[in-house]
Amino acid sequence: MSALDLPGYTHVYSGKVRDLYAPVGADGEVVPDRLLLVASNRLSAYDWMMSPEIPDKGAVLTRLSLWWFDQLSDLVPNHVVSTDVPEAVGGRAVLVRKLEMLKVEAIARAYLTGGGLEEYREKGSVSGVVLPDGLVDGSKLPEPVFTPTTKAPVGEHDLPMSPAEVEAELGADVAAEVSRLTRAILARGNEIAAQRGILIADTKVEFGVSPDGSGGLVLADEVLTPDSSRFWPAELWEPGHPQPSYDKQFVRDWLTSTDSGWDRKAGGPPPELPAHVVEQTRAKYVEAYERLTGETF
Ligand SMILES: CCOC(=O)Cn1cc(-c2ncnc(N)c2C#N)cn1
């Protein structure tokens, strides 16, 4: 991905679908306590970057994340400073407080699938939490479970962290608070989402602390979006097999159909997405936003 030339900002880092910039002062120095978090229109599926991009995806997910930060403000403070951002990224960027980020991917699961299901099938537990017998793909868990991972370097996979490893990294008190907050955020998310026809199977949040050590945990990054979480359509939930993705199913279905001509196992990149798949996918992001927030995109 080529970084944008944003007057007044310098590019810091690019993830798969989002980019970080730092504001530069009139003196040409980087402003030390702010960052610009930009959501692209890029879509990742099956660990490949899709082409073309999905129009408005960045703006929809930015507005959804801002809405969730507000819904969660009684639970935890957040890093949002302002949406007064350069026109080139208007609507899909947020000016945030620069924090010292915890070196733990704070993941909570309300439904069992993916890596959590694999661990359960091996051990009867996930991240040290023993689960009831007989759970299957898509089973709802008795309550959300904290299943943290490392923050792996680019190109490597995040690795599960045991409770002891999390405590060694964060200290016992902060580890307990990160676990409590992550589970509370997912529980709150599902209280709201389930009423609007969406199940949030799991989510990844990130916390930071103020560089001067003042205050407690601050919720950062993005929150409860289809990029950081598994969104499932509630009306199609049926434990016992992989659930359809709320937002990525059109892409997955087309890529795995004969129409695409793609052989995922062959290891080559996927073909360009056809216009109808791009449009249907955009519509699902807008639909998720409008159903959850009650606002028109
Ligand atoms: C490419 C987008 O960034 C990330 O994926 C994760 N990330 C977040 C930070 C961060 N660093 C300091 N302060 C913050 N408020 C944040 C935030 N959010 C760095 N990487």
# chains A, B, ... in the order shown; residues from 1 in each chain; ligands from 1
$ residues_around --residues "stretch 61-78 of chain A" --least-positions-apart "3" --cutoff "6 Å" --atoms "only C-alpha atoms" --output "compact mmCIF listing (two decimals) with C-alpha atoms, in the first residue's frame"
# COMPACT_ATOMS: atom_id res chain seq x y z
CA GLY A 58 -13.33 2.89 5.86
CA ARG A 92 -12.57 7.69 7.70
CA VAL A 218 -7.65 3.58 27.75
CA LEU A 219 -9.54 1.79 24.99
CA ALA A 220 -7.72 2.41 21.70
CA GLU A 222 -11.08 0.37 16.71
CA VAL A 223 -13.88 -1.29 18.63
CA TYR A 289 -23.92 0.29 10.60
$ select_by_dssp --residues "stretch 4-230 of chain A" --states "alpha helix (DSSP H)" --output "mmCIF file with N, CA and C atoms, in the first residue's frame"
data_model
loop_
_atom_site.group_PDB
_atom_site.id
_atom_site.type_symbol
_atom_site.label_atom_id
_atom_site.label_comp_id
_atom_site.auth_asym_id
_atom_site.auth_seq_id
_atom_site.Cartn_x
_atom_site.Cartn_y
_atom_site.Cartn_z
ATOM 1 N N LYS A 57 -16.046 1.635 2.831
ATOM 2 C CA LYS A 57 -15.803 0.702 3.964
ATOM 3 C C LYS A 57 -15.098 1.424 5.109
ATOM 4 N N GLY A 58 -14.075 2.186 4.814
ATOM 5 C CA GLY A 58 -13.332 2.893 5.865
ATOM 6 C C GLY A 58 -14.207 3.873 6.621
ATOM 7 N N ALA A 59 -15.045 4.598 5.896
ATOM 8 C CA ALA A 59 -15.911 5.592 6.543
ATOM 9 C C ALA A 59 -16.981 4.914 7.393
ATOM 10 N N VAL A 60 -17.560 3.833 6.881
ATOM 11 C CA VAL A 60 -18.611 3.138 7.635
ATOM 12 C C VAL A 60 -18.034 2.582 8.933
ATOM 13 N N LEU A 61 -16.869 1.925 8.838
ATOM 14 C CA LEU A 61 -16.299 1.300 10.045
ATOM 15 C C LEU A 61 -15.771 2.345 11.024
ATOM 16 N N THR A 62 -15.324 3.480 10.516
ATOM 17 C CA THR A 62 -14.893 4.556 11.421
ATOM 18 C C THR A 62 -16.078 5.092 12.202
ATOM 19 N N ARG A 63 -17.184 5.333 11.492
ATOM 20 C CA ARG A 63 -18.378 5.861 12.169
ATOM 21 C C ARG A 63 -18.955 4.833 13.149
ATOM 22 N N LEU A 64 -18.854 3.542 12.782
ATOM 23 C CA LEU A 64 -19.358 2.503 13.694
ATOM 24 C C LEU A 64 -18.500 2.447 14.957
ATOM 25 N N SER A 65 -17.183 2.504 14.778
ATOM 26 C CA SER A 65 -16.278 2.453 15.928
ATOM 27 C C SER A 65 -16.505 3.656 16.837
ATOM 28 N N LEU A 66 -16.674 4.833 16.265
ATOM 29 C CA LEU A 66 -16.936 6.033 17.075
ATOM 30 C C LEU A 66 -18.236 5.869 17.862
ATOM 31 N N TRP A 67 -19.233 5.283 17.222
ATOM 32 C CA TRP A 67 -20.524 5.057 17.901
ATOM 33 C C TRP A 67 -20.347 4.102 19.070
ATOM 34 N N TRP A 68 -19.563 3.015 18.871
ATOM 35 C CA TRP A 68 -19.311 2.056 19.963
ATOM 36 C C TRP A 68 -18.501 2.708 21.092
ATOM 37 N N PHE A 69 -17.502 3.532 20.742
ATOM 38 C CA PHE A 69 -16.748 4.215 21.809
ATOM 39 C C PHE A 69 -17.704 4.985 22.710
ATOM 40 N N ASP A 70 -18.701 5.614 22.076
ATOM 41 C CA ASP A 70 -19.674 6.392 22.854
ATOM 42 C C ASP A 70 -20.566 5.485 23.697
ATOM 43 N N GLN A 71 -20.969 4.343 23.086
ATOM 44 C CA GLN A 71 -21.831 3.405 23.827
ATOM 45 C C GLN A 71 -21.095 2.802 25.026
ATOM 46 N N GLY A 114 -13.378 -20.938 15.071
ATOM 47 C CA GLY A 114 -11.998 -20.606 14.716
ATOM 48 C C GLY A 114 -10.978 -21.250 15.653
ATOM 49 N N GLY A 115 -9.984 -20.437 16.027
ATOM 50 C CA GLY A 115 -8.891 -20.960 16.862
ATOM 51 C C GLY A 115 -9.360 -21.415 18.224
ATOM 52 N N GLY A 116 -10.376 -20.745 18.749
ATOM 53 C CA GLY A 116 -10.912 -21.147 20.063
ATOM 54 C C GLY A 116 -11.531 -22.534 20.006
ATOM 55 N N LEU A 117 -12.231 -22.815 18.908
ATOM 56 C CA LEU A 117 -12.854 -24.135 18.753
ATOM 57 C C LEU A 117 -11.788 -25.219 18.631
ATOM 58 N N GLU A 118 -10.715 -24.890 17.896
ATOM 59 C CA GLU A 118 -9.612 -25.867 17.729
ATOM 60 C C GLU A 118 -9.004 -26.205 19.095
ATOM 61 N N GLU A 119 -8.770 -25.158 19.905
ATOM 62 C CA GLU A 119 -8.159 -25.402 21.229
ATOM 63 C C GLU A 119 -9.115 -26.212 22.110
ATOM 64 N N TYR A 120 -10.418 -25.866 22.023
ATOM 65 C CA TYR A 120 -11.425 -26.596 22.825
ATOM 66 C C TYR A 120 -11.440 -28.077 22.428
ATOM 67 N N ARG A 121 -11.339 -28.359 21.156
ATOM 68 C CA ARG A 121 -11.382 -29.747 20.683
ATOM 69 C C ARG A 121 -10.149 -30.535 21.162
ATOM 70 N N GLU A 122 -9.033 -29.804 21.331
ATOM 71 C CA GLU A 122 -7.806 -30.455 21.836
ATOM 72 C C GLU A 122 -7.848 -30.639 23.357
ATOM 73 N N LYS A 123 -8.319 -29.569 24.060
ATOM 74 C CA LYS A 123 -8.108 -29.543 25.514
ATOM 75 C C LYS A 123 -9.386 -29.519 26.341
ATOM 76 N N PRO A 163 -2.880 -17.328 30.986
ATOM 77 C CA PRO A 163 -3.058 -16.294 32.029
ATOM 78 C C PRO A 163 -1.742 -15.901 32.700
ATOM 79 N N ALA A 164 -0.867 -16.879 32.891
ATOM 80 C CA ALA A 164 0.430 -16.574 33.537
ATOM 81 C C ALA A 164 1.273 -15.673 32.648
ATOM 82 N N GLU A 165 1.218 -15.925 31.339
ATOM 83 C CA GLU A 165 2.012 -15.087 30.417
ATOM 84 C C GLU A 165 1.465 -13.658 30.369
ATOM 85 N N VAL A 166 0.138 -13.529 30.444
ATOM 86 C CA VAL A 166 -0.466 -12.195 30.435
ATOM 87 C C VAL A 166 -0.067 -11.453 31.714
ATOM 88 N N GLU A 167 -0.103 -12.164 32.851
ATOM 89 C CA GLU A 167 0.284 -11.530 34.117
ATOM 90 C C GLU A 167 1.756 -11.130 34.091
ATOM 91 N N ALA A 168 2.594 -11.974 33.484
ATOM 92 C CA ALA A 168 4.035 -11.653 33.406
ATOM 93 C C ALA A 168 4.242 -10.394 32.567
ATOM 94 N N GLU A 169 3.414 -10.233 31.539
ATOM 95 C CA GLU A 169 3.547 -9.084 30.626
ATOM 96 C C GLU A 169 2.969 -7.806 31.241
ATOM 97 N N LEU A 170 1.810 -7.951 31.916
ATOM 98 C CA LEU A 170 1.059 -6.758 32.344
ATOM 99 C C LEU A 170 1.059 -6.539 33.851
ATOM 100 N N ALA A 172 -0.370 -8.611 37.551
ATOM 101 C CA ALA A 172 -1.633 -9.286 37.881
ATOM 102 C C ALA A 172 -2.830 -8.349 37.837
ATOM 103 N N ASP A 173 -2.694 -7.166 38.394
ATOM 104 C CA ASP A 173 -3.846 -6.252 38.473
ATOM 105 C C ASP A 173 -4.282 -5.777 37.087
ATOM 106 N N VAL A 174 -3.325 -5.339 36.271
ATOM 107 C CA VAL A 174 -3.680 -4.858 34.925
ATOM 108 C C VAL A 174 -4.211 -6.014 34.086
ATOM 109 N N ALA A 175 -3.619 -7.189 34.229
ATOM 110 C CA ALA A 175 -4.106 -8.357 33.477
ATOM 111 C C ALA A 175 -5.567 -8.650 33.819
ATOM 112 N N ALA A 176 -5.880 -8.591 35.106
ATOM 113 C CA ALA A 176 -7.271 -8.865 35.533
ATOM 114 C C ALA A 176 -8.218 -7.798 34.976
ATOM 115 N N GLU A 177 -7.777 -6.553 34.972
ATOM 116 C CA GLU A 177 -8.636 -5.459 34.485
ATOM 117 C C GLU A 177 -8.813 -5.556 32.974
ATOM 118 N N VAL A 178 -7.767 -5.915 32.254
ATOM 119 C CA VAL A 178 -7.889 -6.092 30.795
ATOM 120 C C VAL A 178 -8.873 -7.218 30.491
ATOM 121 N N SER A 179 -8.780 -8.303 31.227
ATOM 122 C CA SER A 179 -9.714 -9.428 31.036
ATOM 123 C C SER A 179 -11.144 -8.990 31.334
ATOM 124 N N ARG A 180 -11.327 -8.312 32.457
ATOM 125 C CA ARG A 180 -12.678 -7.877 32.833
ATOM 126 C C ARG A 180 -13.262 -6.942 31.802
ATOM 127 N N LEU A 181 -12.487 -5.948 31.395
ATOM 128 C CA LEU A 181 -13.003 -4.951 30.440
ATOM 129 C C LEU A 181 -13.280 -5.560 29.080
ATOM 130 N N THR A 182 -12.394 -6.410 28.593
ATOM 131 C CA THR A 182 -12.588 -7.011 27.270
ATOM 132 C C THR A 182 -13.867 -7.838 27.232
ATOM 133 N N ARG A 183 -14.105 -8.606 28.287
ATOM 134 C CA ARG A 183 -15.340 -9.403 28.355
ATOM 135 C C ARG A 183 -16.566 -8.522 28.518
ATOM 136 N N ALA A 184 -16.424 -7.443 29.272
ATOM 137 C CA ALA A 184 -17.568 -6.534 29.461
ATOM 138 C C ALA A 184 -17.917 -5.810 28.157
ATOM 139 N N ILE A 185 -16.894 -5.443 27.396
ATOM 140 C CA ILE A 185 -17.118 -4.770 26.096
ATOM 141 C C ILE A 185 -17.867 -5.696 25.147
ATOM 142 N N LEU A 186 -17.462 -6.971 25.081
ATOM 143 C CA LEU A 186 -18.149 -7.904 24.189
ATOM 144 C C LEU A 186 -19.566 -8.183 24.672
ATOM 145 N N ALA A 187 -19.728 -8.302 25.987
ATOM 146 C CA ALA A 187 -21.082 -8.542 26.526
ATOM 147 C C ALA A 187 -22.006 -7.366 26.200
ATOM 148 N N ARG A 188 -21.489 -6.126 26.388
ATOM 149 C CA ARG A 188 -22.284 -4.946 26.060
ATOM 150 C C ARG A 188 -22.588 -4.916 24.567
ATOM 151 N N GLY A 189 -21.571 -5.244 23.778
ATOM 152 C CA GLY A 189 -21.760 -5.240 22.316
ATOM 153 C C GLY A 189 -22.865 -6.187 21.916
ATOM 154 N N ASN A 190 -22.893 -7.366 22.506
ATOM 155 C CA ASN A 190 -23.925 -8.346 22.142
ATOM 156 C C ASN A 190 -25.291 -7.998 22.716
ATOM 157 N N GLU A 191 -25.312 -7.331 23.877
ATOM 158 C CA GLU A 191 -26.617 -6.864 24.404
ATOM 159 C C GLU A 191 -27.301 -5.966 23.374
ATOM 160 N N ILE A 192 -26.497 -5.090 22.777
ATOM 161 C CA ILE A 192 -27.034 -4.120 21.796
ATOM 162 C C ILE A 192 -27.234 -4.784 20.430
ATOM 163 N N ALA A 193 -26.228 -5.531 19.980
ATOM 164 C CA ALA A 193 -26.266 -6.074 18.610
ATOM 165 C C ALA A 193 -27.368 -7.118 18.446
ATOM 166 N N ALA A 194 -27.561 -7.968 19.457
ATOM 167 C CA ALA A 194 -28.549 -9.054 19.329
ATOM 168 C C ALA A 194 -29.950 -8.491 19.092
ATOM 169 N N GLN A 195 -30.230 -7.332 19.697
ATOM 170 C CA GLN A 195 -31.554 -6.703 19.499
ATOM 171 C C GLN A 195 -31.718 -6.227 18.053
#
$ residues_around --residues "A:Leu199" --least-positions-apart "3" --cutoff "6 Å" --atoms "only C-alpha atoms" --output "list in words"
Ala194, Phe231, Trp232 and Ala234 of chain A
$ closest_residue --among "A:Met161, A:Leu6, A:Val80, A:Val277" --to "ligand 1" --atoms "only C-alpha atoms and all ligand atoms"
A:Val80
$ residues_around --residues "A:Gly261" --least-positions-apart "6" --cutoff "9 Å" --atoms "only C-alpha atoms" --output "ChimeraX atom specification"
/A:255,270-271
$ closest_residue --among "A:Gly197, A:Pro32, A:Gly91, A:Gly128" --to "ligand 1" --atoms "only C-alpha atoms and all ligand atoms"
A:Pro32
$ residues_near_ligand --ligand "ligand 1" --cutoff "7 Å" --atoms "only C-alpha atoms and all ligand atoms" --output "ChimeraX atom specification"
/A:13-15,18-20,35,37,79,96-101,208,220-222
$ closest_residue --among "A:His11, A:Arg196, A:Arg264, A:Arg42" --to "A:Arg252" --atoms "only C-alpha atoms"
A:Arg264
$ residues_around --residues "A:Lys140" --least-positions-apart "2" --cutoff "8 Å" --atoms "only C-alpha atoms" --output "VMD selection string"
chain A and resid 110 to 112 138 142
$ decode --residues "stretch 101-132 of chain A" --atoms "N, CA, C and O atoms" --output "CSV table (one decimal), in the first residue's frame"
chain,number,residue,atom,x,y,z
A,101,MET,N,0.9,1.4,24.1
A,101,MET,CA,0.0,0.3,23.9
A,101,MET,C,0.4,-1.0,24.6
A,101,MET,O,1.6,-1.3,24.6
A,102,LEU,N,-0.5,-1.7,25.2
A,102,LEU,CA,-0.2,-2.9,25.9
A,102,LEU,C,0.2,-4.0,24.8
A,102,LEU,O,-0.4,-4.0,23.8
A,103,LYS,N,1.1,-4.8,25.2
A,103,LYS,CA,1.6,-5.8,24.2
A,103,LYS,C,0.8,-7.1,24.3
A,103,LYS,O,1.3,-8.2,24.3
A,104,VAL,N,-0.5,-6.9,24.3
A,104,VAL,CA,-1.5,-8.0,24.4
A,104,VAL,C,-2.7,-7.7,23.5
A,104,VAL,O,-3.2,-6.6,23.6
A,105,GLU,N,-3.0,-8.7,22.6
A,105,GLU,CA,-4.2,-8.5,21.8
A,105,GLU,C,-5.3,-9.0,22.7
A,105,GLU,O,-5.4,-10.2,23.1
A,106,ALA,N,-6.2,-8.1,23.1
A,106,ALA,CA,-7.2,-8.5,24.1
A,106,ALA,C,-8.5,-9.0,23.3
A,106,ALA,O,-9.2,-8.2,22.8
A,107,ILE,N,-8.6,-10.3,23.3
A,107,ILE,CA,-9.6,-11.0,22.6
A,107,ILE,C,-10.6,-11.6,23.6
A,107,ILE,O,-10.2,-12.2,24.6
A,108,ALA,N,-11.9,-11.5,23.3
A,108,ALA,CA,-12.9,-12.2,24.1
A,108,ALA,C,-13.8,-12.9,23.1
A,108,ALA,O,-14.1,-12.4,22.0
A,109,ARG,N,-14.3,-14.0,23.5
A,109,ARG,CA,-15.2,-14.9,22.7
A,109,ARG,C,-16.5,-15.1,23.4
A,109,ARG,O,-16.6,-15.5,24.5
A,110,ALA,N,-17.6,-14.8,22.7
A,110,ALA,CA,-19.0,-15.1,23.2
A,110,ALA,C,-19.6,-16.4,22.6
A,110,ALA,O,-20.5,-17.0,23.1
A,111,TYR,N,-19.0,-16.7,21.4
A,111,TYR,CA,-19.4,-17.9,20.7
A,111,TYR,C,-18.1,-18.7,20.3
A,111,TYR,O,-17.1,-18.0,20.0
A,112,LEU,N,-18.2,-20.0,20.2
A,112,LEU,CA,-17.0,-20.8,20.0
A,112,LEU,C,-16.8,-21.0,18.5
A,112,LEU,O,-17.7,-21.6,17.8
A,113,THR,N,-15.7,-20.6,17.9
A,113,THR,CA,-15.3,-20.9,16.5
A,113,THR,C,-13.9,-20.7,16.3
A,113,THR,O,-13.1,-20.3,17.2
A,114,GLY,N,-13.4,-20.9,15.1
A,114,GLY,CA,-12.0,-20.6,14.7
A,114,GLY,C,-11.0,-21.2,15.7
A,114,GLY,O,-11.1,-22.4,16.1
A,115,GLY,N,-10.0,-20.4,16.0
A,115,GLY,CA,-8.9,-21.0,16.9
A,115,GLY,C,-9.4,-21.4,18.2
A,115,GLY,O,-8.8,-22.4,18.8
A,116,GLY,N,-10.4,-20.7,18.7
A,116,GLY,CA,-10.9,-21.1,20.1
A,116,GLY,C,-11.5,-22.5,20.0
A,116,GLY,O,-11.4,-23.4,20.9
A,117,LEU,N,-12.2,-22.8,18.9
A,117,LEU,CA,-12.9,-24.1,18.8
A,117,LEU,C,-11.8,-25.2,18.6
A,117,LEU,O,-11.9,-26.3,19.2
A,118,GLU,N,-10.7,-24.9,17.9
A,118,GLU,CA,-9.6,-25.9,17.7
A,118,GLU,C,-9.0,-26.2,19.1
A,118,GLU,O,-8.8,-27.4,19.4
A,119,GLU,N,-8.8,-25.2,19.9
A,119,GLU,CA,-8.2,-25.4,21.2
A,119,GLU,C,-9.1,-26.2,22.1
A,119,GLU,O,-8.7,-27.1,22.8
A,120,TYR,N,-10.4,-25.9,22.0
A,120,TYR,CA,-11.4,-26.6,22.8
A,120,TYR,C,-11.4,-28.1,22.4
A,120,TYR,O,-11.5,-29.0,23.3
A,121,ARG,N,-11.3,-28.4,21.2
A,121,ARG,CA,-11.4,-29.7,20.7
A,121,ARG,C,-10.1,-30.5,21.2
A,121,ARG,O,-10.2,-31.7,21.4
A,122,GLU,N,-9.0,-29.8,21.3
A,122,GLU,CA,-7.8,-30.5,21.8
A,122,GLU,C,-7.8,-30.6,23.4
A,122,GLU,O,-7.5,-31.7,23.9
A,123,LYS,N,-8.3,-29.6,24.1
A,123,LYS,CA,-8.1,-29.5,25.5
A,123,LYS,C,-9.4,-29.5,26.3
A,123,LYS,O,-9.3,-29.6,27.6
A,124,GLY,N,-10.5,-29.2,25.7
A,124,GLY,CA,-11.8,-29.1,26.5
A,124,GLY,C,-11.8,-27.7,27.2
A,124,GLY,O,-12.7,-27.5,28.0
A,125,SER,N,-10.9,-26.9,26.8
A,125,SER,CA,-10.8,-25.5,27.4
A,125,SER,C,-10.2,-24.5,26.4
A,125,SER,O,-9.7,-24.9,25.3
A,126,VAL,N,-10.4,-23.2,26.7
A,126,VAL,CA,-9.8,-22.2,25.9
A,126,VAL,C,-9.1,-21.2,26.8
A,126,VAL,O,-9.7,-20.8,27.8
A,127,SER,N,-7.8,-20.9,26.5
A,127,SER,CA,-7.0,-20.0,27.4
A,127,SER,C,-7.2,-20.3,28.8
A,127,SER,O,-7.3,-19.4,29.7
A,128,GLY,N,-7.2,-21.6,29.1
A,128,GLY,CA,-7.2,-22.0,30.5
A,128,GLY,C,-8.5,-22.1,31.2
A,128,GLY,O,-8.7,-22.5,32.3
A,129,VAL,N,-9.6,-21.7,30.4
A,129,VAL,CA,-10.9,-21.7,31.0
A,129,VAL,C,-11.6,-23.0,30.5
A,129,VAL,O,-11.8,-23.3,29.3
A,130,VAL,N,-12.0,-23.9,31.4
A,130,VAL,CA,-12.6,-25.2,31.1
A,130,VAL,C,-14.1,-24.9,30.7
A,130,VAL,O,-14.8,-24.1,31.3
A,131,LEU,N,-14.4,-25.5,29.5
A,131,LEU,CA,-15.8,-25.3,29.0
A,131,LEU,C,-16.6,-26.5,29.1
A,131,LEU,O,-16.1,-27.6,29.2
A,132,PRO,N,-17.9,-26.4,29.0
A,132,PRO,CA,-18.8,-27.6,29.1
A,132,PRO,C,-18.5,-28.5,27.9
A,132,PRO,O,-18.0,-28.2,26.9
